[in-house]
There are 2 protein chains.
Amino acid sequence: MAVSMDDDVPLILTLDESGSNTSAPNEQLDREDLPNENGGSYDIVNDVSSPATGDYHSQQRSARHNWEMNYQEAAIYLQEGENNDKFFTHPKNAKALAAYLFVHNHLFYLMELITALLLLLLSLCEAPAVPILRLGIYIHATLELFALVVVVFELSMKMRWMGFYTYIRHKRTMVKTCVLLVQFVEAIVVLVRQTSHVRITRALRCIFLVDCRYCGAVRRNLRQIFQSLPPFIDILLLLLFFMVIFAILGFYLFSSNHSDPYFNTLENSLVNLFVLLTTSNFPDVMMPSYSRNPWSCVFFIVYLSIELYFIMNLLLAVVFDTFSDIEKRKFKSLLLHKRTAIQHAYRLLVSKQRPSGISFKQFEGLMRFYKPRMCARERYLTFKALNQSNTTLVSLKDFYNFYEVVGLKWKAKRNREHWFDDLPRTAFLIFKGINILVKSRAFQYAMYTVVAVNGIWILIQTFMLQGGNFFPRDVPWSYIVFLTIYGVELLLKTTGLGPIEYLSSGWNLFDFSVTLFAFLGLLALAFNMEPFYFIVVLRPLQLLRLFKLKKRYRNVLDTMFELFPRMASLGLTLLIFYYSFAIVGMEFFSGVVYPNCCNTSTVADAYRWVNNTVGNKTVVEEGYYYLNNFDNILNSFVTLFELTVVNDWYIIMEGVTSQTSHWSRLYFMIFYIVTMVVMTIIVAFILEAFVFRMNYTRKNQGSEEDNGIVLEKEISKEEMAGVIELYRRNCAASEIAPLLKVIAQMDKYEQTSMLFLGWRSRTKSDLSMKMYEEEIQEWYEEHSRKEEYQWQEDVFPSGNRMLSSGLRQRSQTVT
Amino acid sequence: MAVSMDDDVPLILTLDESGSNTSAPNEQLDREDLPNENGGSYDIVNDVSSPATGDYHSQQRSARHNWEMNYQEAAIYLQEGENNDKFFTHPKNAKALAAYLFVHNHLFYLMELITALLLLLLSLCEAPAVPILRLGIYIHATLELFALVVVVFELSMKMRWMGFYTYIRHKRTMVKTCVLLVQFVEAIVVLVRQTSHVRITRALRCIFLVDCRYCGAVRRNLRQIFQSLPPFIDILLLLLFFMVIFAILGFYLFSSNHSDPYFNTLENSLVNLFVLLTTSNFPDVMMPSYSRNPWSCVFFIVYLSIELYFIMNLLLAVVFDTFSDIEKRKFKSLLLHKRTAIQHAYRLLVSKQRPSGISFKQFEGLMRFYKPRMCARERYLTFKALNQSNTTLVSLKDFYNFYEVVGLKWKAKRNREHWFDDLPRTAFLIFKGINILVKSRAFQYAMYTVVAVNGIWILIQTFMLQGGNFFPRDVPWSYIVFLTIYGVELLLKTTGLGPIEYLSSGWNLFDFSVTLFAFLGLLALAFNMEPFYFIVVLRPLQLLRLFKLKKRYRNVLDTMFELFPRMASLGLTLLIFYYSFAIVGMEFFSGVVYPNCCNTSTVADAYRWVNNTVGNKTVVEEGYYYLNNFDNILNSFVTLFELTVVNDWYIIMEGVTSQTSHWSRLYFMIFYIVTMVVMTIIVAFILEAFVFRMNYTRKNQGSEEDNGIVLEKEISKEEMAGVIELYRRNCAASEIAPLLKVIAQMDKYEQTSMLFLGWRSRTKSDLSMKMYEEEIQEWYEEHSRKEEYQWQEDVFPSGNRMLSSGLRQRSQTVT
C-alpha cells in the first residue's frame, strides 16, 4: 500500500534513462541473480532509451535496476490481487507507474475520502440547512467548487495512471466523471444566480463516497444488491399483481359502504392495500367493513396470508438463495483472481539461474515494496512460513499461500510462563497464588454470582424509585460495595495475569472499561456533576458478562463480532440510500409539514397541536407528527428511519400528501421498496453468515476452540547469522538492529534456536476455504485449463512477452 | 388401512382354537409353501390352544392359516412403517390384533375426528356463545358428556390393543387420559351446579384433535416446534436481557420528562420497549422525548438496531438452522423406520422352501391385507416393478423399494395418440387440425395477449367507475366479448385435446373453473341477482395465467403447490394455539371491552363511539376498537389474528388492561411470543423448503421438466395367463374379471405383450432421497451395524422369537 514511503521508489523513475535491459545470461554476474525474463511492464520505456553497454559495473547496476523494477511490479500485482483490482488497469509504463504510486497511497485515499465527506456534509449547510450550521450561498458554493476541483485533480491522476482508453472503459469512473460535470455546472449556476434551484442531482453526490478506496465493502454490497435484484423484482411483480387483484376486489366489495374511507376509489383501495402489506394500518383498514359485516374479515385474512405470510417470505427465500449463491461465486472469483496475481508476481521473481523458485533475497526485495514497514525478522519468518519444503527456494505451489501467510503477526515464544517469573521468590509465590486464584472456576463463578446479584439489585432499586428522576444526591452504599468488588477483581486479575495477558482477552477489556465507566459514574455522583449522570445507567451492561457462561451465547457473540465489519458496511450502504432519499425529500417536501397543517386529511389528529385551557391549567394536546419532517438533513434521516421501521409510516405519507400532491406517495412507496430490498438482503446476510458458521462448527467439531490461525516456526542461530549477512551487504543499519537483538536474546538464554509464533484472526475467507475444500480443487483445475488459452491474450495484450515454457509447465503440474 | 373390509380378517380370530402352529418342514406340502419360521406374534395364543394333529388336510389348512396370519402381521408392520408408529405398540396377540384392527380403520378415525371436532365446536355454544348458536347449559353439557364418553370408549379400545403397560408408557395417550378425566369431572360439575364456572381447562380440548390419526402432520409440527424451542429460548433470553437493560436506561433518561407517559415508571418503560420490539408504537413512543431533545432518537435507533434488526434476525437464523437440521434427522429416522418395517415384513413373507425371496403368491397375500382395494392387475404390476432381477422372487434388496413402488397408479399405455383416432377420416382431419392449432405457440401467445388486454381493460374500467358501487345494470359488451373468446378457447381445447387430457393439467382446470365462474357472473349480471354479483370480481384472477410465461414463476407456483399440505398443517397448528388462547381470553376478558369503555386509558380514542349532531346532520365518530373483543370464540379468533399481525396490538392490550388488571398484559405478551415462535417456524419452513428445492433444481439441471415418478413395465400374455391361473385357484371371480379384460384387449390389438405406465407425484421424501444420496448409504450401514445388537432386544422383547440366521446374514450382505 504505502510503497512511496520507501527510499528506493523514486529511483526507478529517475533511472529510466540510465537503465539497461540487458538480459542475456552473464556468467560474470554469479553473485547477482538475473531476473528470469524481461517480463516487467516498465522496460518498454527502456527499450527506446537504453544504450547497450558492455561494461561490467553498468551491467551489474542494470541487473539490479531490473530486479528493483520487477520487485515493484510484483508487489503491485500482489496488491491488485488483494484488492480485487482488475489487471487491465495494471500500470503499463513508467509514467503510468508514477501515477499509480501517487494514487495508491493512504494520503491520496484520505484526500479522496475527505473531499467526498465534505461534499456530503455540505448538505448540512445548504438551503434547507440545520439552523446552527446555515452558511451563506457564497460560502457553501465556493466550498463545493473547491471540493469538486479536488475531485477533478484526483480523476486526472487516475486517468494518467490508467491511460485514456482504459479510463473510458472503466464504468464506475465514467459515471463519476459525468456526475462531476453535472455538479460542476450546477455549482457555477448557483454561484451566478446567487440562489439555490431544485438540485435533486445532489442525491448523486454519494457516488464520490462510494468510489473511495476505503469504501470497497460498500461497493461490494451495492454490487450484491444489484445482482440479487432480478429474482427480487420477479417476486415483487407477483406481489404487486395480487395487490392489484385484491384492490379491484376490495373496491367492488367495500365501496358501497359510505363510512369506509379506505376503499371508496380504486386509488385509495390500492394505496391502502399497499400500506396493509406493511401491516401499518391493519386493524383500522378492516374496521369499517368489519363493523358492517363480520365476514368481511375473511378478505383481509386471505390477503395478509397470501401477501404478507407467503409471498413476502418467498421473497426472503429467493433473496437468501441468490445471496448464498452469489457469496460462493464471489469467493471463487476472488480466490482465482488472487491465484492469478500470485502467478504474475512469481513469474517476475524467479531468476534465470534458479528458475524453480524464489530465493529469500528476491522475496525480501518484494516485501520492501509490498510491506515496507515490515521488519527484517518478520520478513524472514514469512519466508520460512511459505517455504514448506525447507529448501532455500519457495516454489510456486508454496507461494500460492502468500496471502494466508503474509498477514501473520510474529512473536517470539515466551520463555517465561508468567510476567513475574523473574521476581524474587516471595513475590513470585504471592503472584503465583493470585494467578491460580483468578484462573480457578470458583473465582469465576463467584464473580458471576456477584454480577447477577448486582443486576437484580439494580432492577429492584430502579423499580423502587417509581415516578420521576430522583437521582440520589448521596452515593448509595450498594454502588460502592459492588464497585469495590469489581475493582478488587480487576486488580487481582491484572496482577495475577499481567496487564498484557489480561487485556488481550476481549471479555477482560470489556470488564475493564465497564468498571472504569462505573468508577467515572461514581465520581460524577460524588461531585454532583449533572452532565455525567448518564454514566451511572451503564451499570446494567455489566450483566453481559453472564453470557460468557453458555456456549451458544459465546458462539452467537463471536459470530456477532465476526459479522460486525460486514454489518457496518451494510449499514453504511443503507445510509447512502438514506442520503439520496433525504436530498430528494428535502427538495420536494421541506417545510410542508407543521403543527395543525393537515386538518383536512384523515390523519389530522397526529399533526394537531392544541393549547387547551381547562380550568386554570394549560393542557397541551400534541400529535407530534409534525416533527417527522424533511426540514433539514438530520430531520430527514430520522424521518427516513421511521419510514424504515414502517410502523405508522402512512401517517407521515398522508400528512405530506395532503399538503402536496398525491404523486408524493410514489416517493414513500419507492422508499419502502428500496429499504425492503436492503433489509431483506441484510436479513439474508445474517442468515447466510450464521448458517454458514453453524455448518462450519458442525463440520469441525473436534478443532473448535481455536480462535485464529496460528503457525509455529523455529529459527536457528546460523540461519539468523546468514540473514544478517545478507542484510549487511544491502541495507541500512536500522534494519539489522532487531535481528541482532534476536541473536543477543538467544545468547542470553543459551539457545541454539528460537521459536516464533505467527497469529492472525480467522476471516470469512479462511472459513470458506475449509467449507469448499473439495470444490476448490476443481476450480483450480478448471482455472489452469482456461489459463492455457487466456494467459497471453488477456493479461499481456501486447503479445510481445512470452512466458518461459518451463514456468508454464511448472504452473500446470503444480495446480 | 381398511383391513376389516376383507372377508378373511375375522377368520383368524375364530380359528384360534382350531389352528395349529405346526411349522416343521413337510415334504408332502410341496404345493403349499411353508412360512420360513413361526415368526408371527399371534401364535402365542395358538401355543396354548392348538392340538397337534398329523392329518394332511389339517396341516395344509393350518399352513394356510399360518400364512394368512403372517400376511396380516406383515401388512401391519408395513402400515406401522408408513405411519411412523413405533413398533413397541405392535399388537402382540390375537386379542390385541382384533383391537388393533378395530382401531386402525377409517370409520374409527372418523369417529375420533368427529368427537374431537364436536368438543371443540362446543365452545361456539357455551357461556360466552355466538349469539345465534347459544344453547342451554343442559344441552351443551350433555353433548359434552356424550362426546367424552365416546372418547372413553376410544381410549379403552386403544388400551385393549396396546395392553396396559404399553398404554401407560405412551406419553401422548396418558396426557389425553388425564385431560379426559379433568374434562369429565368439570362437565359433571357444570351439570350439577347448572352454571358454568371459569373453565380454562377447556383450552386443553385441542389435545383430542391433535391425537386424531388424521392430524399426524399437526403432531409432527408440534414436535418440531418443541424441538426448536431450546435455541429459541436462549436467544429470547438475550432479547429480554437487552430489553431490561434498555428499560432501565430509558427510565433514567426520560422519566424526568413529565409529558412523556411512556417511561414514567420502570414497568411502563418495560412494557413500551416490549411493544417497541414489535414496532407497534414506534414513532409515538419516541415523540415526547424527541420533541424535547432531538438527540434522544439515538436511544431508539440503537435499541431497534440491536433488538429488531439484529437479534430478531438472529432468532430466525438459529431457528432456521435448527429446523433444517431437524428436517434432515427426521427424514433419516423415518427412512430407517421404514427400512426396519420392511425387514420385519420380509421375514414374515419368505417361505422355508424358498428363503431367498418373496414369490408373487406371498406378495399377493400381503397386498390383500395391506391394500384390499387394489385390483389384481395392479398387484401384479407392483410385484413386477419391485422385482428388478426379473426372477420369480423378490429379494430383500428389491423389497426395500416397497414404499416407493406401492403408491404408483398403473395405466395401460395408450395405443391411440388422440381421442379422435377412431373417428371417420373427415372428422379426424378436423380434430387433428384443432389439436395442432391449440398446441401451437401462436395460439398460446394470442391467448396470453387477450388475457393481458382483458386485465388492463378491467383495471381501466374499474378506475373509471370512481366512487360508489354502481354495478352496471346492463351487461357490458366487453365482458361478453372476452367471455366469448374464453369460451371458444375452452371449446377448442376440449375438442382438440379430448376432455381427459384437457382436464389433467392443473392450469387448464384453473382456466376452466375461472371461465365457468365468469359465465356464472354473466348470468348473475343478466338476471340482476344481487347475491351473486361478487362472482364478477373474480375476473381478474384470470390474469394469473400470465404467470405461466416465466420459468421462475412456474417454479415458485410449483413449490407453492408442493408446500400447500405442509402449510395447511402449519396453519392448523396455529389455529390450535389460537383455540387455546381464545378460550383463556374468553374466560378472562369476555365483555370487558365496549364502546367508550376506556376513557381513562391512553387509548381512549380508539374505543370512542360518539354521536355528534353537527347542524342537522348526525356524525358518528367511531374508534371501532371495541369490536376487537373476546365476547365469543369467533370474535376472539379475529382479535387473535389482529394480535398476530402485531400492528397496533397494544391498543387492544391497553384497552383490556384498563378494564381489568395490569397482569392481563402477560396474556398478550405470552401470546405474542408464542405466535412469534410459530411464525418464525413457518418462515423457517418456507425458507427451508424453497432453498431445498432450489438446491435440488441446481443439482439436477438436466432432468428438470419431469413432474412425477414414472415407471414402465411390460407384461406378456403368458405371464397374464399364469396370474389368472393363480387367482382362479384361490379367489372369487370378481378379481379375475379385470385380468381377463386385459387379455381380451391384447387379443383385440393382436399384441403378445402390453405396456403399462406407473405414475405418482413426487414427494418431499423423493427429493430428499436424491439430495442425501451419499449420506443415505452411510446411514444404512450404520443402521445395519446397530441392528446386530438391537434386533432381538428392542423389537422382540419377549426374546422367544429367533431370526433364522440365514435371513440375518442376508440382510447384512444386502445393505
# chains A, B, ... in the order shown; residues from 1 in each chain; ligands from 1
>>> select_by_dssp(residues="region 158-318 of chain A", states="helix (DSSP H, G or I)", output="ChimeraX atom specification")
/A:158-162,164-169,171-193,200-210,213-254,266-277,282-292,294-318
>>> atom_distance(atom1="CA of Val192 (chain B)", atom2="CA of Glu126 (chain B)")
15.8 Å
>>> residues_around(residues="region 588-591 of chain B", least_positions_apart="5", cutoff="8 Å", atoms="only C-alpha atoms", output="VMD selection string")
chain B and resid 128 629 to 632 656 660
>>> write_last_selection(atoms="N, CA, C and O atoms", output="PDB file, in the first residue's frame")
ATOM      1  N   PRO B 128     -69.874 -17.734  26.908  1.00  0.00           N
ATOM      2  CA  PRO B 128     -69.877 -16.551  26.050  1.00  0.00           C
ATOM      3  C   PRO B 128     -70.044 -17.021  24.616  1.00  0.00           C
ATOM      4  O   PRO B 128     -69.075 -17.104  23.873  1.00  0.00           O
ATOM      5  N   ASN B 629     -62.801  -7.803  20.479  1.00  0.00           N
ATOM      6  CA  ASN B 629     -63.037  -8.259  21.844  1.00  0.00           C
ATOM      7  C   ASN B 629     -62.977  -9.772  21.934  1.00  0.00           C
ATOM      8  O   ASN B 629     -62.711 -10.457  20.947  1.00  0.00           O
ATOM      9  N   PHE B 630     -63.230 -10.270  23.138  1.00  0.00           N
ATOM     10  CA  PHE B 630     -63.218 -11.713  23.359  1.00  0.00           C
ATOM     11  C   PHE B 630     -64.625 -12.191  23.731  1.00  0.00           C
ATOM     12  O   PHE B 630     -64.767 -13.094  24.542  1.00  0.00           O
ATOM     13  N   ASP B 631     -65.660 -11.558  23.140  1.00  0.00           N
ATOM     14  CA  ASP B 631     -67.024 -11.843  23.563  1.00  0.00           C
ATOM     15  C   ASP B 631     -67.525 -13.214  23.140  1.00  0.00           C
ATOM     16  O   ASP B 631     -68.427 -13.762  23.761  1.00  0.00           O
ATOM     17  N   ASN B 632     -67.034 -13.738  22.051  1.00  0.00           N
ATOM     18  CA  ASN B 632     -67.319 -15.129  21.723  1.00  0.00           C
ATOM     19  C   ASN B 632     -66.145 -15.669  20.940  1.00  0.00           C
ATOM     20  O   ASN B 632     -65.214 -14.930  20.611  1.00  0.00           O
ATOM     21  N   VAL B 656     -57.978  -3.643  27.120  1.00  0.00           N
ATOM     22  CA  VAL B 656     -58.334  -4.710  28.046  1.00  0.00           C
ATOM     23  C   VAL B 656     -57.705  -4.453  29.418  1.00  0.00           C
ATOM     24  O   VAL B 656     -58.358  -4.605  30.458  1.00  0.00           O
ATOM     25  N   THR B 660     -59.294  -4.339  33.203  1.00  0.00           N
ATOM     26  CA  THR B 660     -59.052  -5.432  34.158  1.00  0.00           C
ATOM     27  C   THR B 660     -57.855  -5.043  35.030  1.00  0.00           C
ATOM     28  O   THR B 660     -57.869  -3.977  35.616  1.00  0.00           O
TER      29      THR B 660
END
>>> closest_residue(among="B:Lys748, B:Glu622, B:Ala317, B:Ala582", to="Asp260 (chain A)", atoms="only C-alpha atoms")
B:Glu622
>>> closest_residue(among="A:Gly136, A:Gly758, A:Gly163, A:Gly250", to="chain B", atoms="only C-alpha atoms")
A:Gly250
>>> closest_residue(among="B:Val451, B:Leu101, B:Leu266, B:Val678", to="chain A", atoms="only C-alpha atoms")
B:Leu266
>>> atom_distance(atom1="CA of Ser389 (chain B)", atom2="CA of Lys411 (chain B)")
22.6 Å
>>> residues_around(residues="Trp477 (chain A)", least_positions_apart="5", cutoff="12 Å", atoms="only C-alpha atoms", output="JSON, numbers by chain")
{"A": [457, 472, 482, 483, 484, 522, 526]}
>>> write_last_selection(atoms="C-alpha atoms", output="PDB file, in the first residue's frame")
ATOM      1  CA  TRP A 457     -30.195  -5.219  42.922  1.00  0.00           C
ATOM      2  CA  PRO A 472     -29.663  10.154  44.688  1.00  0.00           C
ATOM      3  CA  PHE A 482     -20.167  -3.566  44.113  1.00  0.00           C
ATOM      4  CA  LEU A 483     -17.664  -1.183  42.617  1.00  0.00           C
ATOM      5  CA  THR A 484     -15.132  -2.184  45.269  1.00  0.00           C
ATOM      6  CA  LEU A 522     -19.160   7.208  40.985  1.00  0.00           C
ATOM      7  CA  ALA A 526     -19.831  12.138  44.305  1.00  0.00           C
TER       8      ALA A 526
END
>>> residues_around(residues="Ser289 (chain A)", least_positions_apart="6", cutoff="12 Å", atoms="only C-alpha atoms", output="list of chain:residue names")
A:Gly250, A:Phe251, A:Leu253, A:Phe254, A:Ser255, A:Ser256, A:Asn257, A:His258, A:Ser259, A:Asp260, A:Pro261, A:Tyr262, A:Phe263, A:Asn264, A:Pro283, A:Trp295, A:Ser296, A:Cys297, A:Val298, A:Phe299, A:Phe300, B:Tyr624, B:Leu627
>>> write_last_selection(atoms="N, CA, C and O atoms", output="PDB file, in the first residue's frame")
ATOM      1  N   GLY A 250     -61.483  -5.522  -3.531  1.00  0.00           N
ATOM      2  CA  GLY A 250     -61.846  -4.703  -2.371  1.00  0.00           C
ATOM      3  C   GLY A 250     -62.731  -3.544  -2.767  1.00  0.00           C
ATOM      4  O   GLY A 250     -63.711  -3.228  -2.081  1.00  0.00           O
ATOM      5  N   PHE A 251     -62.394  -2.940  -3.875  1.00  0.00           N
ATOM      6  CA  PHE A 251     -63.197  -1.813  -4.343  1.00  0.00           C
ATOM      7  C   PHE A 251     -64.626  -2.244  -4.615  1.00  0.00           C
ATOM      8  O   PHE A 251     -65.579  -1.602  -4.191  1.00  0.00           O
ATOM      9  N   LEU A 253     -66.154  -4.837  -3.386  1.00  0.00           N
ATOM     10  CA  LEU A 253     -66.828  -5.347  -2.184  1.00  0.00           C
ATOM     11  C   LEU A 253     -67.213  -4.246  -1.213  1.00  0.00           C
ATOM     12  O   LEU A 253     -68.290  -4.260  -0.631  1.00  0.00           O
ATOM     13  N   PHE A 254     -66.305  -3.262  -1.001  1.00  0.00           N
ATOM     14  CA  PHE A 254     -66.494  -2.353   0.127  1.00  0.00           C
ATOM     15  C   PHE A 254     -66.856  -0.926  -0.254  1.00  0.00           C
ATOM     16  O   PHE A 254     -67.137  -0.124   0.625  1.00  0.00           O
ATOM     17  N   SER A 255     -66.822  -0.600  -1.556  1.00  0.00           N
ATOM     18  CA  SER A 255     -67.058   0.811  -1.876  1.00  0.00           C
ATOM     19  C   SER A 255     -68.510   1.219  -1.645  1.00  0.00           C
ATOM     20  O   SER A 255     -68.836   2.391  -1.600  1.00  0.00           O
ATOM     21  N   SER A 256     -69.390   0.214  -1.468  1.00  0.00           N
ATOM     22  CA  SER A 256     -70.794   0.568  -1.209  1.00  0.00           C
ATOM     23  C   SER A 256     -70.990   1.066   0.216  1.00  0.00           C
ATOM     24  O   SER A 256     -72.013   1.659   0.532  1.00  0.00           O
ATOM     25  N   ASN A 257     -69.995   0.819   1.055  1.00  0.00           N
ATOM     26  CA  ASN A 257     -70.076   1.270   2.445  1.00  0.00           C
ATOM     27  C   ASN A 257     -69.558   2.702   2.537  1.00  0.00           C
ATOM     28  O   ASN A 257     -68.364   2.950   2.409  1.00  0.00           O
ATOM     29  N   HIS A 258     -70.454   3.661   2.770  1.00  0.00           N
ATOM     30  CA  HIS A 258     -70.031   5.063   2.696  1.00  0.00           C
ATOM     31  C   HIS A 258     -69.231   5.507   3.910  1.00  0.00           C
ATOM     32  O   HIS A 258     -68.570   6.525   3.877  1.00  0.00           O
ATOM     33  N   SER A 259     -69.283   4.725   4.991  1.00  0.00           N
ATOM     34  CA  SER A 259     -68.475   5.101   6.153  1.00  0.00           C
ATOM     35  C   SER A 259     -67.077   4.484   6.070  1.00  0.00           C
ATOM     36  O   SER A 259     -66.312   4.546   7.008  1.00  0.00           O
ATOM     37  N   ASP A 260     -66.760   3.865   4.928  1.00  0.00           N
ATOM     38  CA  ASP A 260     -65.447   3.245   4.749  1.00  0.00           C
ATOM     39  C   ASP A 260     -64.581   4.110   3.833  1.00  0.00           C
ATOM     40  O   ASP A 260     -64.749   4.095   2.625  1.00  0.00           O
ATOM     41  N   PRO A 261     -63.663   4.879   4.415  1.00  0.00           N
ATOM     42  CA  PRO A 261     -62.875   5.782   3.572  1.00  0.00           C
ATOM     43  C   PRO A 261     -61.723   5.066   2.869  1.00  0.00           C
ATOM     44  O   PRO A 261     -61.026   5.672   2.069  1.00  0.00           O
ATOM     45  N   TYR A 262     -61.528   3.774   3.161  1.00  0.00           N
ATOM     46  CA  TYR A 262     -60.328   3.109   2.670  1.00  0.00           C
ATOM     47  C   TYR A 262     -60.487   2.531   1.273  1.00  0.00           C
ATOM     48  O   TYR A 262     -59.519   2.277   0.591  1.00  0.00           O
ATOM     49  N   PHE A 263     -61.735   2.278   0.878  1.00  0.00           N
ATOM     50  CA  PHE A 263     -61.919   1.609  -0.406  1.00  0.00           C
ATOM     51  C   PHE A 263     -62.851   2.395  -1.329  1.00  0.00           C
ATOM     52  O   PHE A 263     -63.376   1.833  -2.260  1.00  0.00           O
ATOM     53  N   ASN A 264     -63.056   3.713  -1.076  1.00  0.00           N
ATOM     54  CA  ASN A 264     -64.046   4.426  -1.882  1.00  0.00           C
ATOM     55  C   ASN A 264     -63.622   4.672  -3.324  1.00  0.00           C
ATOM     56  O   ASN A 264     -64.454   4.838  -4.197  1.00  0.00           O
ATOM     57  N   PRO A 283     -55.536  -3.131  11.861  1.00  0.00           N
ATOM     58  CA  PRO A 283     -56.943  -3.376  12.204  1.00  0.00           C
ATOM     59  C   PRO A 283     -57.835  -2.242  11.694  1.00  0.00           C
ATOM     60  O   PRO A 283     -58.971  -2.464  11.332  1.00  0.00           O
ATOM     61  N   TRP A 295     -68.113 -11.002   8.363  1.00  0.00           N
ATOM     62  CA  TRP A 295     -67.420 -11.942   7.464  1.00  0.00           C
ATOM     63  C   TRP A 295     -66.418 -11.245   6.559  1.00  0.00           C
ATOM     64  O   TRP A 295     -65.614 -11.906   5.907  1.00  0.00           O
ATOM     65  N   SER A 296     -66.491  -9.905   6.502  1.00  0.00           N
ATOM     66  CA  SER A 296     -65.546  -9.216   5.623  1.00  0.00           C
ATOM     67  C   SER A 296     -64.102  -9.399   6.095  1.00  0.00           C
ATOM     68  O   SER A 296     -63.165  -9.150   5.345  1.00  0.00           O
ATOM     69  N   CYS A 297     -63.929  -9.833   7.357  1.00  0.00           N
ATOM     70  CA  CYS A 297     -62.564 -10.051   7.816  1.00  0.00           C
ATOM     71  C   CYS A 297     -61.865 -11.137   7.001  1.00  0.00           C
ATOM     72  O   CYS A 297     -60.636 -11.146   6.910  1.00  0.00           O
ATOM     73  N   VAL A 298     -62.654 -12.016   6.365  1.00  0.00           N
ATOM     74  CA  VAL A 298     -62.052 -13.069   5.542  1.00  0.00           C
ATOM     75  C   VAL A 298     -61.196 -12.457   4.437  1.00  0.00           C
ATOM     76  O   VAL A 298     -60.089 -12.923   4.166  1.00  0.00           O
ATOM     77  N   PHE A 299     -61.697 -11.411   3.808  1.00  0.00           N
ATOM     78  CA  PHE A 299     -60.941 -10.721   2.751  1.00  0.00           C
ATOM     79  C   PHE A 299     -59.559 -10.328   3.248  1.00  0.00           C
ATOM     80  O   PHE A 299     -58.541 -10.595   2.607  1.00  0.00           O
ATOM     81  N   PHE A 300     -59.512  -9.718   4.421  1.00  0.00           N
ATOM     82  CA  PHE A 300     -58.235  -9.221   4.933  1.00  0.00           C
ATOM     83  C   PHE A 300     -57.327 -10.361   5.382  1.00  0.00           C
ATOM     84  O   PHE A 300     -56.112 -10.313   5.180  1.00  0.00           O
TER      85      PHE A 300
ATOM     86  N   TYR B 624     -63.994   2.123  16.775  1.00  0.00           N
ATOM     87  CA  TYR B 624     -64.142   0.740  16.289  1.00  0.00           C
ATOM     88  C   TYR B 624     -63.418  -0.319  17.117  1.00  0.00           C
ATOM     89  O   TYR B 624     -63.683  -1.500  16.948  1.00  0.00           O
ATOM     90  N   LEU B 627     -64.701  -3.468  18.825  1.00  0.00           N
ATOM     91  CA  LEU B 627     -65.068  -4.673  18.067  1.00  0.00           C
ATOM     92  C   LEU B 627     -64.052  -5.784  18.241  1.00  0.00           C
ATOM     93  O   LEU B 627     -64.343  -6.952  18.001  1.00  0.00           O
TER      94      LEU B 627
END
